[in-house]
Structures are given as structure tokens and as C-alpha cells.
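> Here you go, one structure.
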Amino acid sequence: MSEKMKDDYKIAFIRGATTASGNSIKEIEDAVVDLVNELIYRNNLIKTNILSITFTATNDLDACFPASIARKCNGLNSVAFLDCQQMHVANDVDFCIRIMAQVLLPTNYPVKHPYLRGAAKLRADRC
């Protein structure tokens, strides 16, 4: 990494979440595409500045892998992805997909965490 880039950018972690309307490939795809697009839009990200995204899904979502959707639908071939099972907690949000993205942001740029759909209640302060 060049000295100028070190001064101009910082590594930041962005959290977010959304809900799918059900456990079909199409429903999960709609939720993932919406969440990743919102992550990019709210943080004015250049796709090459997304280093990695970890997805978790609640145990009621098992029709497909969220990372494979993000990779195909958003042209994020160089991003490191990981899918994980979200820890089961009673009364958690159903059909919930969470993310933690590691990105490069301009030094003074504020992080904007996208919490969408039914997951908005997880962090009402960040919707």
C-alpha cells in the first residue's frame, strides 16, 4: 500500500442486517442483493475497496449461501466471503441475514451501518 493511500484511507468494519421474506433462493437473493447494494450506496464504496464480508444467517435460512449470491449479483469476485450459522437465541429475528464487512474508507468518512427490513429493530439508531 502506498504512503498516500495509507494517509487517505482507513480500514473500517461495517455491520448490517436484513431479513428475507422466506427460505427460498429467490427470497434470500432479494434480501442479500438489497443489503449489499445498500452497504455500497450508504458508504459510497468502490467495489475494489471491499476487502471481505462475513455473512451469518439464522437457522431458518438454509436454501442457499448468501455469499455466493453476493459474489454473483454484485460483481464482487475479488472479495473474500464467509458464510456462518448465526447463534440460535430464543425470540431472535426470523429469516435474518447479518453482515460484517471489512472495507477501506476515506479517513474522515463516517461509517453507515445498513439495517433493513425486519432487522431494522436490531439497531433502530442505524436505519
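Quick note on naming: the chains in the C-alpha cells go A, B, ... in the order shown, residues restart at 1 in each chain, and ligands are numbered from 1 in order of appearance.
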Neighbours of Leu82 in chain A within 8 Å (only C-alpha atoms; same-chain residues fewer than 3 positions away dropped), as a PyMOL selection string?

chain A and resi 53-55+67

> Show me, as a PyMOL selection string, the residues that have an atom within 12 Å of Asn77 in chain A when counting only C-alpha atoms, minus same-chain residues fewer than 4 positions from it.

chain A and resi 47-48+50-53+67-73+81

> Neighbours of Glu27 in chain A within 10 Å (only C-alpha atoms; same-chain residues fewer than 5 positions away dropped), as a PyMOL selection string?

chain A and resi 19-22+32+61+63+95

> Go ahead and save the picked residues with C-alpha atoms, as a PDB file, in the first residue's frame.


```pdb
ATOM      1  CA  THR A  19     -34.466 -10.168   6.672  1.00  0.00           C
ATOM      2  CA  ALA A  20     -35.612 -12.418   3.869  1.00  0.00           C
ATOM      3  CA  SER A  21     -39.347 -12.865   3.398  1.00  0.00           C
ATOM      4  CA  GLY A  22     -38.896 -16.649   3.488  1.00  0.00           C
ATOM      5  CA  VAL A  32     -28.770 -10.222   0.089  1.00  0.00           C
ATOM      6  CA  LEU A  61     -32.443 -19.949   6.262  1.00  0.00           C
ATOM      7  CA  ALA A  63     -31.889 -22.740   0.875  1.00  0.00           C
ATOM      8  CA  PHE A  95     -35.064 -15.157   8.415  1.00  0.00           C
TER       9      PHE A  95
END
```

> For CA of Thr107 in chain A and CA of Ala17 in chain A, quote the distance in Å rounded to one decimal.

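Here the two named atoms are 24.3 Å from each other.
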
> Report the residues of range 3-94 of chain A whose backbone DSSP state falls under helix (DSSP H, G or I), written as a PyMOL selection string.

chain A and resi 3-8+25-42+47-49+66-73

> Record the distance separating CA of Asn23 in chain A and CA of Val93 in chain A, expressed in Å with one decimal.

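According to the coordinates, CA of Asn23 in chain A and CA of Val93 in chain A are separated by 13.7 Å.
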
> What separation in Å, quoted to one decimal, exists between CA of Gly16 in chain A and CA of Ile99 in chain A?

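Straight-line distance from CA of Gly16 in chain A to CA of Ile99 in chain A works out to 5.2 Å.
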
> Could you tell me which of A:Asn91, A:Phe65, A:Arg98, A:Leu45 comes closest to Pro110 in chain A if we count only C-alpha atoms?

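Result for the nearest residue to Pro110 in chain A: A:Leu45.
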
> Calculated over only C-alpha atoms, which of the candidates A:Ser24, A:His88, A:Thr56, A:Asn74 has the smallest distance to Glu38 in chain A?

A:Asn74

> Just checking: using only C-alpha atoms, which residue out of A:Pro106, A:Pro66, A:Pro114, A:Gly75 ends up closest to Tyr41 in chain A?

A:Pro114
